[in-house]
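protein08.tsv (TSV, C-alpha atoms)
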chain	number	residue	atom	x	y	z
R	22	MET	CA	20.17	-26.35	19.34
R	23	ALA	CA	18.03	-25.06	16.50
R	24	GLN	CA	16.64	-28.54	15.96
R	25	THR	CA	15.88	-28.88	19.65
R	26	GLU	CA	14.21	-25.47	19.67
R	27	ASN	CA	12.09	-26.25	16.58
R	28	GLU	CA	11.02	-29.57	18.02
R	29	CYS	CA	10.22	-27.94	21.32
R	30	ILE	CA	8.13	-25.23	19.69
R	31	ARG	CA	6.28	-27.88	17.68
R	32	GLN	CA	5.46	-29.66	20.93
R	33	CYS	CA	4.28	-26.38	22.44
R	34	GLN	CA	1.95	-25.91	19.49
R	35	LEU	CA	0.46	-29.31	20.30
R	36	GLY	CA	-0.22	-28.11	23.85
R	37	ASP	CA	2.78	-29.56	25.66
R	38	LYS	CA	3.30	-27.35	28.71
R	39	GLU	CA	6.55	-29.00	29.73
R	40	ALA	CA	8.02	-28.13	26.35
R	41	PHE	CA	7.00	-24.55	26.98
R	42	ARG	CA	8.77	-24.62	30.33
R	43	TRP	CA	12.01	-25.07	28.36
R	44	VAL	CA	11.10	-22.04	26.23
R	45	VAL	CA	10.46	-19.90	29.32
R	46	HIS	CA	13.69	-21.00	30.98
R	47	THR	CA	15.71	-20.27	27.81
R	48	TYR	CA	14.32	-16.87	26.91
R	49	GLN	CA	13.18	-15.22	30.12
R	50	ARG	CA	16.47	-13.39	30.78
R	51	MET	CA	16.42	-11.95	27.27
R	52	VAL	CA	12.90	-10.60	27.74
R	53	PHE	CA	13.73	-9.33	31.26
R	54	SER	CA	16.75	-7.45	29.88
R	55	LEU	CA	14.65	-5.62	27.31
R	56	ALA	CA	11.87	-4.87	29.82
R	57	LEU	CA	14.24	-3.54	32.52
R	58	LYS	CA	16.04	-1.26	30.08
R	59	MET	CA	12.72	0.05	28.76
R	60	LEU	CA	10.82	0.52	32.02
R	61	CYS	CA	13.64	1.18	34.52
R	62	ASP	CA	11.84	-0.85	37.20
R	63	GLU	CA	12.62	-4.45	38.24
R	64	GLU	CA	9.12	-5.51	39.32
R	65	GLU	CA	7.51	-4.06	36.22
R	66	ALA	CA	10.08	-5.85	34.11
R	67	LYS	CA	9.10	-9.17	35.74
R	68	ASP	CA	5.43	-8.44	34.99
R	69	ILE	CA	6.36	-7.86	31.36
R	70	VAL	CA	8.21	-11.19	31.27
R	71	GLN	CA	5.13	-12.96	32.66
R	72	ASP	CA	2.74	-11.25	30.24
R	73	THR	CA	5.04	-11.89	27.30
R	74	PHE	CA	5.16	-15.63	27.87
R	75	LEU	CA	1.45	-15.89	28.59
R	76	ARG	CA	0.72	-14.15	25.34
R	77	ALA	CA	3.29	-16.28	23.53
R	78	TRP	CA	1.58	-19.44	24.84
R	79	GLN	CA	-1.81	-18.21	23.68
R	80	ARG	CA	-0.48	-17.40	20.22
R	81	ILE	CA	2.05	-20.19	19.85
R	82	ARG	CA	-0.03	-21.75	17.06
R	83	ASP	CA	0.22	-18.51	15.09
R	84	TYR	CA	4.03	-18.54	15.27
R	85	ASP	CA	5.60	-18.79	11.82
R	86	SER	CA	8.88	-20.71	11.88
R	87	LYS	CA	10.25	-18.50	9.08
R	88	LYS	CA	10.80	-15.81	11.70
R	89	ALA	CA	13.35	-16.32	14.48
R	90	PHE	CA	11.64	-17.28	17.72
R	91	ALA	CA	13.69	-14.72	19.67
R	92	SER	CA	12.54	-11.95	17.32
R	93	TRP	CA	8.95	-13.13	17.75
R	94	LEU	CA	9.27	-12.91	21.55
R	95	TYR	CA	11.01	-9.54	21.31
R	96	THR	CA	8.08	-8.27	19.22
R	97	ILE	CA	5.55	-9.29	21.86
R	98	ALA	CA	7.65	-7.84	24.68
R	99	SER	CA	8.26	-4.57	22.80
R	100	HIS	CA	4.55	-4.00	22.28
R	101	LEU	CA	3.85	-4.67	25.95
R	102	CYS	CA	6.62	-2.27	27.02
R	103	LEU	CA	5.38	0.49	24.74
R	104	ASP	CA	1.83	0.04	26.06
R	105	ARG	CA	3.11	0.28	29.60
R	106	LEU	CA	5.14	3.42	28.83
R	107	LYS	CA	2.06	5.16	27.40
R	108	SER	CA	0.40	5.14	30.79
R	109	ARG	CA	3.47	6.32	32.67
R	110	LYS	CA	4.88	9.70	33.45
R	111	HIS	CA	8.18	10.83	31.97
R	112	ILE	CA	11.26	9.21	33.41
R	113	VAL	CA	13.31	11.62	35.48
R	114	SER	CA	16.82	10.76	36.66
R	115	LEU	CA	18.04	11.62	40.14
R	116	PRO	CA	21.44	12.95	41.29
R	117	GLU	CA	22.28	9.53	42.75
R	118	ASP	CA	21.92	8.04	39.26
R	119	ALA	CA	24.79	10.23	38.05
R	120	ALA	CA	26.89	9.05	41.02
R	121	THR	CA	26.09	5.42	40.20
R	122	LEU	CA	27.23	5.91	36.61
R	123	ARG	CA	30.51	7.43	37.81
R	124	ASN	CA	31.18	4.35	39.98
R	125	ILE	CA	30.34	1.99	37.13
R	126	VAL	CA	32.59	3.78	34.66
R	127	ALA	CA	35.39	3.65	37.23
R	128	SER	CA	34.91	-0.13	37.61
R	129	PHE	CA	34.86	-1.01	33.91
R	130	ASP	CA	38.40	-2.43	34.09
R	131	SER	CA	37.59	-4.71	37.01
R	132	GLN	CA	35.03	-6.75	35.08
R	133	HIS	CA	32.34	-5.72	37.48
R	134	THR	CA	28.94	-7.33	36.87
R	135	LEU	CA	26.23	-4.73	36.90
R	136	GLU	CA	23.46	-5.12	39.40
R	137	ASN	CA	19.90	-4.46	38.44
R	138	ARG	CA	19.66	-1.24	40.42
R	139	GLU	CA	22.77	0.02	38.57
R	140	TRP	CA	21.17	-0.81	35.29
R	141	VAL	CA	18.10	1.18	36.30
R	142	SER	CA	20.24	4.23	37.12
R	143	ILE	CA	22.15	4.05	33.81
R	144	VAL	CA	19.02	3.65	31.73
R	145	LYS	CA	17.23	6.46	33.59
R	146	LEU	CA	20.08	8.82	32.78
R	147	MET	CA	20.14	7.76	29.14
R	148	ALA	CA	16.38	7.55	28.60
R	149	GLU	CA	15.65	11.06	29.83
R	150	GLY	CA	14.36	13.11	26.89
R	151	LEU	CA	13.81	10.13	24.54
R	152	SER	CA	10.47	9.20	23.04
R	153	PRO	CA	9.28	5.60	23.60
R	154	LYS	CA	10.07	4.70	19.98
R	155	GLN	CA	13.57	6.20	20.19
R	156	ARG	CA	14.17	4.40	23.46
R	157	LEU	CA	13.03	1.07	21.97
R	158	VAL	CA	15.25	1.41	18.90
R	159	PHE	CA	18.25	2.50	21.01
R	160	THR	CA	17.72	-0.36	23.50
R	161	LEU	CA	17.40	-3.02	20.78
R	162	CYS	CA	20.27	-1.72	18.62
R	163	GLN	CA	22.76	-0.30	21.10
R	164	LEU	CA	22.09	-2.12	24.39
R	165	GLU	CA	20.78	-5.52	23.20
R	166	GLY	CA	23.18	-5.58	20.23
R	167	LEU	CA	20.65	-6.57	17.55
R	168	SER	CA	21.20	-5.88	13.85
R	169	SER	CA	19.22	-3.23	11.95
R	170	SER	CA	17.29	-5.88	10.01
R	171	GLU	CA	16.29	-7.63	13.23
R	172	VAL	CA	15.18	-4.32	14.74
R	173	GLU	CA	13.15	-3.57	11.59
R	174	GLN	CA	11.42	-6.94	11.93
R	175	ILE	CA	10.69	-6.48	15.63
R	176	THR	CA	9.51	-2.87	15.54
R	177	GLY	CA	7.85	-2.87	12.12
R	178	LEU	CA	9.81	0.26	11.18
R	179	ASP	CA	11.63	0.53	7.89
R	180	ALA	CA	15.42	0.96	7.61
R	181	ARG	CA	15.21	4.72	7.27
R	182	GLN	CA	13.04	5.07	10.39
R	183	VAL	CA	15.31	2.80	12.43
R	184	LYS	CA	18.39	4.83	11.41
R	185	SER	CA	16.64	8.10	12.09
R	186	ASN	CA	15.40	7.08	15.55
R	187	LEU	CA	18.77	5.62	16.47
R	188	TYR	CA	20.63	8.75	15.35
R	189	VAL	CA	18.40	11.08	17.38
R	190	ALA	CA	18.62	8.78	20.44
R	191	ARG	CA	22.43	8.64	20.24
R	192	GLN	CA	22.72	12.39	19.84
R	193	THR	CA	20.43	13.00	22.82
R	194	ILE	CA	22.37	10.57	25.04
R	195	ARG	CA	25.73	12.05	23.95
R	196	THR	CA	24.52	15.52	24.90
R	197	ARG	CA	23.30	14.21	28.27
R	198	LEU	CA	26.59	12.44	29.06
R	199	LYS	CA	28.57	15.53	28.01
R	200	GLN	CA	26.53	17.54	30.51
R	201	LEU	CA	27.60	14.99	33.17
R	202	GLY	CA	31.23	15.53	32.26
R	203	TYR	CA	31.91	12.61	29.93
R	204	GLU	CA	33.56	13.40	26.59
H	3	MET	CA	37.72	6.22	21.51
H	4	ASN	CA	36.00	8.78	23.62
H	5	LYS	CA	34.44	8.07	26.96
H	6	ILE	CA	30.86	8.04	25.67
H	7	ASP	CA	31.57	5.42	23.02
H	8	GLU	CA	33.44	3.39	25.66
H	9	ILE	CA	30.44	3.46	27.99
H	10	LEU	CA	28.07	2.43	25.21
H	11	GLU	CA	30.40	-0.36	24.09
H	12	HIS	CA	30.65	-1.73	27.64
H	13	LEU	CA	26.90	-1.83	27.98
H	14	GLN	CA	26.21	-3.46	24.59
H	15	GLY	CA	24.96	-7.04	24.74
H	16	VAL	CA	25.05	-7.22	28.55
H	17	GLN	CA	21.85	-8.63	29.98
H	18	PRO	CA	20.85	-8.04	33.62
H	19	MET	CA	20.15	-11.14	35.76
H	20	ILE	CA	16.82	-12.16	37.22
H	21	ASP	CA	17.36	-12.55	40.95
H	22	ASP	CA	15.21	-15.69	41.20
H	23	PRO	CA	14.64	-17.13	37.70
H	24	ASP	CA	13.11	-20.45	38.85
H	25	ALA	CA	10.46	-18.68	40.89
H	26	LEU	CA	9.55	-16.53	37.88
H	27	THR	CA	9.38	-19.63	35.65
H	28	GLU	CA	7.07	-21.40	38.10
H	29	ARG	CA	4.91	-18.32	38.36
H	30	ILE	CA	4.54	-18.24	34.60
H	31	MET	CA	3.87	-21.99	34.33
H	32	TYR	CA	1.23	-21.75	37.05
H	33	LEU	CA	-0.63	-19.07	35.14
H	34	LEU	CA	-0.55	-20.87	31.80
H	35	PRO	CA	-4.06	-21.90	30.76
H	36	ASP	CA	-4.65	-25.33	29.30
H	37	MET	CA	-4.33	-25.25	25.57
H	38	ASN	CA	-7.69	-27.11	25.31
H	39	ALA	CA	-9.46	-24.65	27.57
H	40	HIS	CA	-8.04	-21.78	25.59
H	41	GLU	CA	-8.97	-23.52	22.35
H	42	ILE	CA	-12.51	-24.07	23.62
H	43	LYS	CA	-12.71	-20.38	24.44
H	44	ARG	CA	-11.45	-19.50	20.97
H	45	GLN	CA	-13.89	-21.92	19.38
H	46	SER	CA	-16.80	-20.60	21.39
H	47	HIS	CA	-15.81	-17.08	20.45
H	48	LYS	CA	-15.66	-18.20	16.81
H	49	SER	CA	-19.04	-19.91	17.06
H	50	MET	CA	-20.54	-16.80	18.71
H	51	THR	CA	-19.13	-14.73	15.90
H	52	ARG	CA	-20.62	-17.17	13.36
H	53	TRP	CA	-23.97	-17.02	15.16
H	54	TRP	CA	-24.03	-13.25	14.94
H	55	ILE	CA	-23.10	-13.37	11.27
H	56	ALA	CA	-25.90	-15.89	10.60
H	57	ALA	CA	-28.41	-13.79	12.55
H	58	ALA	CA	-27.38	-10.69	10.62
H	59	ALA	CA	-27.75	-12.58	7.31
H	60	VAL	CA	-31.26	-13.80	8.28
H	61	PHE	CA	-32.22	-10.27	9.30
H	62	ILE	CA	-31.01	-8.88	5.98
H	63	VAL	CA	-32.97	-11.56	4.07
H	64	ILE	CA	-36.13	-10.77	6.05
H	65	VAL	CA	-35.75	-7.04	5.48
H	66	ALA	CA	-35.15	-7.62	1.78
H	67	GLY	CA	-38.24	-9.81	1.59
H	68	VAL	CA	-40.38	-7.24	3.37
H	69	LEU	CA	-39.12	-4.47	1.11
H	70	ASN	CA	-39.86	-6.63	-1.93
H	71	LEU	CA	-43.33	-7.34	-0.62
H	72	LEU	CA	-43.97	-3.66	0.04
H	73	SER	CA	-42.85	-2.70	-3.45
H	74	SER	CA	-45.23	-5.26	-4.97
H	75	ILE	CA	-48.06	-3.87	-2.85
H	76	ASP	CA	-47.59	-0.45	-4.54
H	77	THR	CA	-49.94	-1.59	-7.33
H	78	PRO	CA	-52.60	-3.21	-5.29
H	79	PRO	CA	-55.25	-5.47	-6.80
H	80	GLN	CA	-58.53	-3.80	-7.61
H	81	ARG	CA	-60.76	-3.54	-4.65
H	82	PRO	CA	-64.36	-3.65	-4.94
H	83	LEU	CA	-65.88	-0.25	-4.55
H	84	GLU	CA	-69.27	-0.15	-3.08
H	85	ILE	CA	-71.55	2.48	-4.38
H	86	SER	CA	-74.98	2.94	-3.16
H	87	VAL	CA	-77.08	4.90	-5.48
H	88	GLN	CA	-80.50	6.16	-4.89
H	89	THR	CA	-82.51	7.13	-7.82
H	90	LYS	CA	-85.45	9.38	-7.79
H	91	PRO	CA	-88.70	7.76	-8.49
H	92	GLU	CA	-89.19	7.58	-12.15
H	93	LYS	CA	-92.06	9.61	-13.40
H	94	HIS	CA	-94.08	7.42	-15.56
H	95	GLN	CA	-97.03	8.41	-17.58
H	96	ALA	CA	-100.17	6.88	-16.36
H	97	ILE	CA	-100.55	3.76	-18.36
H	98	ARG	CA	-102.70	0.84	-17.99
H	99	PRO	CA	-100.98	-1.99	-16.09
H	100	ALA	CA	-99.22	-4.28	-18.48
H	101	SER	CA	-100.31	-7.83	-18.97
H	102	PRO	CA	-98.84	-10.35	-16.50
H	103	VAL	CA	-96.60	-11.85	-19.25
H	104	ILE	CA	-95.10	-8.49	-20.04
H	105	GLN	CA	-94.63	-7.72	-16.35
H	106	GLU	CA	-92.80	-10.99	-15.85
H	107	ARG	CA	-90.49	-10.32	-18.78
H	108	ALA	CA	-89.76	-6.86	-17.48
H	109	ILE	CA	-88.91	-8.24	-14.06
H	110	VAL	CA	-86.71	-10.94	-15.56
H	111	ALA	CA	-84.94	-8.40	-17.75
H	112	THR	CA	-84.07	-6.25	-14.82
H	113	ASN	CA	-83.31	-9.02	-12.36
H	114	GLN	CA	-81.44	-11.50	-14.46
H	115	ALA	CA	-77.81	-10.66	-14.92
H	116	PRO	CA	-76.17	-11.93	-18.11
H	117	SER	CA	-74.04	-14.98	-17.40
H	118	HIS	CA	-70.78	-13.35	-18.44
H	119	HIS	CA	-71.34	-10.60	-15.95
H	120	LYS	CA	-72.00	-12.86	-13.05
H	121	ARG	CA	-69.22	-11.28	-11.10
H	122	LYS	CA	-71.27	-8.18	-10.86
H	123	GLN	CA	-73.58	-8.32	-7.99
H	124	VAL	CA	-76.48	-6.46	-9.29
H	125	LYS	CA	-79.42	-6.59	-7.02
H	126	ALA	CA	-82.56	-5.08	-8.18
H	127	LEU	CA	-85.61	-4.95	-6.03
H	128	PRO	CA	-88.66	-6.51	-7.64
H	129	LYS	CA	-90.73	-3.91	-9.29
H	130	SER	CA	-93.96	-3.15	-7.57
H	131	ALA	CA	-97.11	-2.36	-9.48
H	132	ASP	CA	-96.99	1.19	-8.31
H	133	THR	CA	-93.75	2.34	-9.71
H	134	ALA	CA	-94.26	5.92	-8.64
H	135	ALA	CA	-94.69	5.03	-4.97
H	136	GLU	CA	-91.20	4.58	-3.78
H	137	PRO	CA	-87.87	5.34	-5.15
H	138	ALA	CA	-86.15	2.53	-6.89
H	139	SER	CA	-82.98	2.04	-5.01
H	140	PHE	CA	-80.49	-0.47	-5.93
H	141	GLU	CA	-77.07	-1.37	-4.89
H	142	GLN	CA	-74.56	-2.17	-7.43
H	143	THR	CA	-71.12	-3.55	-6.71
H	144	VAL	CA	-68.62	-2.29	-9.17
H	145	TYR	CA	-65.13	-3.71	-9.38
H	146	GLY	CA	-62.98	-0.64	-9.60
H	147	PRO	CA	-62.15	1.46	-12.62
H	148	VAL	CA	-61.24	-1.52	-14.83
H	149	TYR	CA	-64.67	-2.97	-14.73
H	150	GLU	CA	-66.57	0.29	-14.63
H	151	GLU	CA	-66.50	0.64	-18.37
H	152	GLU	CA	-67.81	-2.87	-18.88
H	153	THR	CA	-70.53	-2.28	-16.36
H	154	ILE	CA	-71.58	0.89	-18.10
H	155	ILE	CA	-71.67	-0.87	-21.45
H	156	ASP	CA	-73.72	-3.69	-19.97
H	157	ALA	CA	-76.05	-1.21	-18.37
H	158	VAL	CA	-76.48	0.62	-21.63
H	159	ARG	CA	-77.24	-2.65	-23.40
H	160	GLU	CA	-79.82	-3.54	-20.82
H	161	VAL	CA	-81.41	-0.13	-21.07
H	162	GLN	CA	-81.57	-0.57	-24.80
H	163	GLU	CA	-83.18	-3.98	-24.41
H	164	ILE	CA	-85.67	-2.61	-21.95
H	165	ARG	CA	-86.43	0.23	-24.30
H	166	LYS	CA	-86.99	-2.18	-27.14
H	167	LEU	CA	-89.22	-4.24	-24.94
H	168	GLY	CA	-91.06	-1.11	-23.92
H	169	GLU	CA	-91.54	-0.15	-27.55
H	170	ARG	CA	-92.93	-3.59	-28.29
H	171	VAL	CA	-95.28	-3.33	-25.34
H	172	GLU	CA	-96.40	0.13	-26.53
H	173	ALA	CA	-96.97	-1.18	-30.01
H	174	MET	CA	-99.02	-4.06	-28.67
H	175	ILE	CA	-101.08	-1.67	-26.56
H	176	HIS	CA	-101.73	0.61	-29.51
H	177	LYS	CA	-102.83	-2.41	-31.51
H	178	GLN	CA	-105.13	-3.51	-28.71
H	179	ILE	CA	-106.66	-0.04	-28.46
H	180	ALA	CA	-107.09	0.14	-32.24
H	181	SER	CA	-108.79	-3.25	-32.34
H	182	GLU	CA	-111.14	-2.23	-29.52
H	183	ILE	CA	-112.02	1.04	-31.28
H	184	HIS	CA	-112.79	-0.88	-34.47
H	185	SER	CA	-114.94	-3.31	-32.53
H	186	TYR	CA	-117.12	-0.40	-31.40

Would you kindly transcribe this structure into structure tokens?
Amino acid sequence: MAQTENECIRQCQLGDKEAFRWVVHTYQRMVFSLALKMLCDEEEAKDIVQDTFLRAWQRIRDYDSKKAFASWLYTIASHLCLDRLKSRKHIVSLPEDAATLRNIVASFDSQHTLENREWVSIVKLMAEGLSPKQRLVFTLCQLEGLSSSEVEQITGLDARQVKSNLYVARQTIRTRLKQLGYE
Amino acid sequence: MNKIDEILEHLQGVQPMIDDPDALTERIMYLLPDMNAHEIKRQSHKSMTRWWIAAAAVFIVIVAGVLNLLSSIDTPPQRPLEISVQTKPEKHQAIRPASPVIQERAIVATNQAPSHHKRKQVKALPKSADTAAEPASFEQTVYGPVYEEETIIDAVREVQEIRKLGERVEAMIHKQIASEIHSY
């Protein structure tokens, strides 16, 4: 897989668009996941996916194989998400978002697959009160399941800053969920 | 494990689905520019940047050259100063006109500039017989302060020569008068 990926990226660097199609197909869900959890909007998340891969294509020759390709894509997507958040108003959750979360928690045992609108409700509830940086660190660490070192590489923050942002984000979300009746 | 940790654990690593992934892929592929076209754009941007850098370098060189030129002009070469001097008519004692040979020598002495002073443009009007009639005006071109001293020295020398010549003429006249008196 790694060999296939490296070969594919090398072809992309030579201008092979069909090789890049494989890259898009492989990584678009990953980028969409990050974008949806950051922006809480499906259409905006798709725009971020498009912009991320366009930018990746333009800069593919600058890609250094020492860094994981996924981390490189996450870096591009993170910057685009943060730029988009700067121009947006604060995210405010609605009462129906709390009801959605209750239904999801009740269906955890039934292996229910979350729909995108459910994801939006959950993230809106959790993201309320977080700064963009805190939200990014929380999303990458807690929701995407990346390691601290990967998050440091993607965000450019040092270990102390990642820990600090993650701690504050977790504490804020815990307080919010407690207010909703979850202990 | 409390409920909050359970919720966070359930959500970790779960990625939402794209409702139509193939359509999104095609959309992205459609928008991809050709690598060559993009490269050409990058190259042209690079060449524009290089052009601006070259133009800025040429401008700096020109400015430096002009500044250098201006600083060398601070001590300009000596310009010729033109002085027109009018002298009052010399008051001469009434003397008998000198012999033609003496007159010629006098004219030559005033008119002829020494060879090593040829750069001086000394124009002297030919002396008329009636020296009291009109003022002797002459124009003398002097080359700035450096040559002024030399010009003065030359002028002094000439005056001295003329004086000597005048003394010789006077002596010859006295001799002539004495010989005429004796002849009577």

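The space separating atom CA of Glu173 of chain R from atom CA of Tyr188 of chain R comes to 14.9 Å.
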
Per residue of chain R within 9 Å of chain H, note the shortest atom pair and the distance in Å to one decimal, counting only C-alpha atoms, and order the rows by chain and increasing residue number, as JSON lines.
{"residue": "R:Gln34", "atom": "CA", "partner": "H:Met37", "partner_atom": "CA", "distance": 8.8}
{"residue": "R:Leu35", "atom": "CA", "partner": "H:Met37", "partner_atom": "CA", "distance": 8.2}
{"residue": "R:Gly36", "atom": "CA", "partner": "H:Met37", "partner_atom": "CA", "distance": 5.3}
{"residue": "R:Asp37", "atom": "CA", "partner": "H:Met37", "partner_atom": "CA", "distance": 8.3}
{"residue": "R:Lys38", "atom": "CA", "partner": "H:Met31", "partner_atom": "CA", "distance": 7.8}
{"residue": "R:Glu39", "atom": "CA", "partner": "H:Met31", "partner_atom": "CA", "distance": 8.8}
{"residue": "R:Phe41", "atom": "CA", "partner": "H:Met31", "partner_atom": "CA", "distance": 8.4}
{"residue": "R:Arg42", "atom": "CA", "partner": "H:Met31", "partner_atom": "CA", "distance": 6.9}
{"residue": "R:Val45", "atom": "CA", "partner": "H:Thr27", "partner_atom": "CA", "distance": 6.4}
{"residue": "R:His46", "atom": "CA", "partner": "H:Thr27", "partner_atom": "CA", "distance": 6.5}
{"residue": "R:Gln49", "atom": "CA", "partner": "H:Pro23", "partner_atom": "CA", "distance": 8.0}
{"residue": "R:Arg50", "atom": "CA", "partner": "H:Ile20", "partner_atom": "CA", "distance": 6.6}
{"residue": "R:Met51", "atom": "CA", "partner": "H:Gln17", "partner_atom": "CA", "distance": 6.9}
{"residue": "R:Phe53", "atom": "CA", "partner": "H:Ile20", "partner_atom": "CA", "distance": 7.3}
{"residue": "R:Ser54", "atom": "CA", "partner": "H:Gln17", "partner_atom": "CA", "distance": 5.2}
{"residue": "R:Leu55", "atom": "CA", "partner": "H:Gln17", "partner_atom": "CA", "distance": 8.2}
{"residue": "R:Leu57", "atom": "CA", "partner": "H:Pro18", "partner_atom": "CA", "distance": 8.1}
{"residue": "R:Glu63", "atom": "CA", "partner": "H:Ile20", "partner_atom": "CA", "distance": 8.8}
{"residue": "R:Lys67", "atom": "CA", "partner": "H:Leu26", "partner_atom": "CA", "distance": 7.7}
{"residue": "R:Val70", "atom": "CA", "partner": "H:Leu26", "partner_atom": "CA", "distance": 8.6}
{"residue": "R:Gln71", "atom": "CA", "partner": "H:Ile30", "partner_atom": "CA", "distance": 5.7}
{"residue": "R:Asp72", "atom": "CA", "partner": "H:Ile30", "partner_atom": "CA", "distance": 8.4}
{"residue": "R:Phe74", "atom": "CA", "partner": "H:Ile30", "partner_atom": "CA", "distance": 7.2}
{"residue": "R:Leu75", "atom": "CA", "partner": "H:Leu34", "partner_atom": "CA", "distance": 6.3}
{"residue": "R:Trp78", "atom": "CA", "partner": "H:Leu34", "partner_atom": "CA", "distance": 7.4}
{"residue": "R:Gln79", "atom": "CA", "partner": "H:His40", "partner_atom": "CA", "distance": 7.4}
{"residue": "R:Val126", "atom": "CA", "partner": "H:Ile9", "partner_atom": "CA", "distance": 7.0}
{"residue": "R:Phe129", "atom": "CA", "partner": "H:His12", "partner_atom": "CA", "distance": 7.6}
{"residue": "R:Thr134", "atom": "CA", "partner": "H:Pro18", "partner_atom": "CA", "distance": 8.7}
{"residue": "R:Leu135", "atom": "CA", "partner": "H:Pro18", "partner_atom": "CA", "distance": 7.1}
{"residue": "R:Glu136", "atom": "CA", "partner": "H:Pro18", "partner_atom": "CA", "distance": 7.0}
{"residue": "R:Asn137", "atom": "CA", "partner": "H:Pro18", "partner_atom": "CA", "distance": 6.1}
{"residue": "R:Trp140", "atom": "CA", "partner": "H:Pro18", "partner_atom": "CA", "distance": 7.4}
{"residue": "R:Cys162", "atom": "CA", "partner": "H:Gln14", "partner_atom": "CA", "distance": 8.6}
{"residue": "R:Gln163", "atom": "CA", "partner": "H:Gln14", "partner_atom": "CA", "distance": 5.8}
{"residue": "R:Leu164", "atom": "CA", "partner": "H:Gln14", "partner_atom": "CA", "distance": 4.3}
{"residue": "R:Glu165", "atom": "CA", "partner": "H:Gly15", "partner_atom": "CA", "distance": 4.7}
{"residue": "R:Gly166", "atom": "CA", "partner": "H:Gly15", "partner_atom": "CA", "distance": 5.1}
{"residue": "R:Leu167", "atom": "CA", "partner": "H:Gly15", "partner_atom": "CA", "distance": 8.4}
{"residue": "R:Ile194", "atom": "CA", "partner": "H:Ile6", "partner_atom": "CA", "distance": 8.9}
{"residue": "R:Arg195", "atom": "CA", "partner": "H:Ile6", "partner_atom": "CA", "distance": 6.7}
{"residue": "R:Leu198", "atom": "CA", "partner": "H:Ile6", "partner_atom": "CA", "distance": 7.0}
{"residue": "R:Lys199", "atom": "CA", "partner": "H:Ile6", "partner_atom": "CA", "distance": 8.2}
{"residue": "R:Tyr203", "atom": "CA", "partner": "H:Lys5", "partner_atom": "CA", "distance": 6.0}
{"residue": "R:Glu204", "atom": "CA", "partner": "H:Lys5", "partner_atom": "CA", "distance": 5.4}

Q: Go ahead and compute the interatomic distance for atom CA of Val144 of chain R and atom CA of Lys58 of chain R, in Å to one decimal.
A: 6.0 Å

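The spacing separating atom CA of Met174 of chain H from atom CA of Val158 of chain H amounts to 24.1 Å.
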
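The smallest atom-to-atom distance between Phe90 of chain R and any of R:Ala77, R:Ile69, R:Val183, R:Leu122, using all atoms listed in the file, is found for R:Ala77.
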
**Q.** Neighbour list for Asn27 of chain R as a PyMOL selection string, cut-off 12 Å, all atoms listed in the file, skip fewer than 4 positions in-chain
**A.** chain R and resi 22-23+31-34+40-41+43-44+84-90

I need the chosen residues saved as an mmCIF file, in the coordinates of the input, with C-alpha atoms.
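Full text of part38.cif as output:
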data_model
loop_
_atom_site.group_PDB
_atom_site.id
_atom_site.type_symbol
_atom_site.label_atom_id
_atom_site.label_comp_id
_atom_site.auth_asym_id
_atom_site.auth_seq_id
_atom_site.Cartn_x
_atom_site.Cartn_y
_atom_site.Cartn_z
ATOM 1 C CA MET R 22 20.170 -26.350 19.340
ATOM 2 C CA ALA R 23 18.030 -25.060 16.500
ATOM 3 C CA ARG R 31 6.280 -27.880 17.680
ATOM 4 C CA GLN R 32 5.460 -29.660 20.930
ATOM 5 C CA CYS R 33 4.280 -26.380 22.440
ATOM 6 C CA GLN R 34 1.950 -25.910 19.490
ATOM 7 C CA ALA R 40 8.020 -28.130 26.350
ATOM 8 C CA PHE R 41 7.000 -24.550 26.980
ATOM 9 C CA TRP R 43 12.010 -25.070 28.360
ATOM 10 C CA VAL R 44 11.100 -22.040 26.230
ATOM 11 C CA TYR R 84 4.030 -18.540 15.270
ATOM 12 C CA ASP R 85 5.600 -18.790 11.820
ATOM 13 C CA SER R 86 8.880 -20.710 11.880
ATOM 14 C CA LYS R 87 10.250 -18.500 9.080
ATOM 15 C CA LYS R 88 10.800 -15.810 11.700
ATOM 16 C CA ALA R 89 13.350 -16.320 14.480
ATOM 17 C CA PHE R 90 11.640 -17.280 17.720
#

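Nearest residue to Ser114 of chain R, choosing from R:Cys29, R:Arg76, R:Leu201, R:Glu149 and counting all atoms listed in the file: R:Glu149.
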
Q | Contacts of Lys154 of chain R at 9 Å (all atoms listed in the file; same-chain gap of 2+ positions) as an MDAnalysis selection string | A | chainID R and resid 103 151:152 156:159 176 186

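For the choices R:Ala119, R:Arg80, R:His133, R:Thr160, the atom-to-atom distance to Ser99 of chain R is smallest for R:Thr160 when using only C-alpha atoms.
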
Q) Within 8 Å of Gln155 of chain R, counting only C-alpha atoms, which residues qualify if same-chain residues fewer than 5 places away don't, as a PyMOL selection string? A) chain R and resi 186-187+189-190

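Candidate residues R:His111, R:Arg197, R:Arg105, R:Arg82 were compared for distance to Leu146 of chain R, and the nearest is R:Arg197, using all atoms listed in the file.
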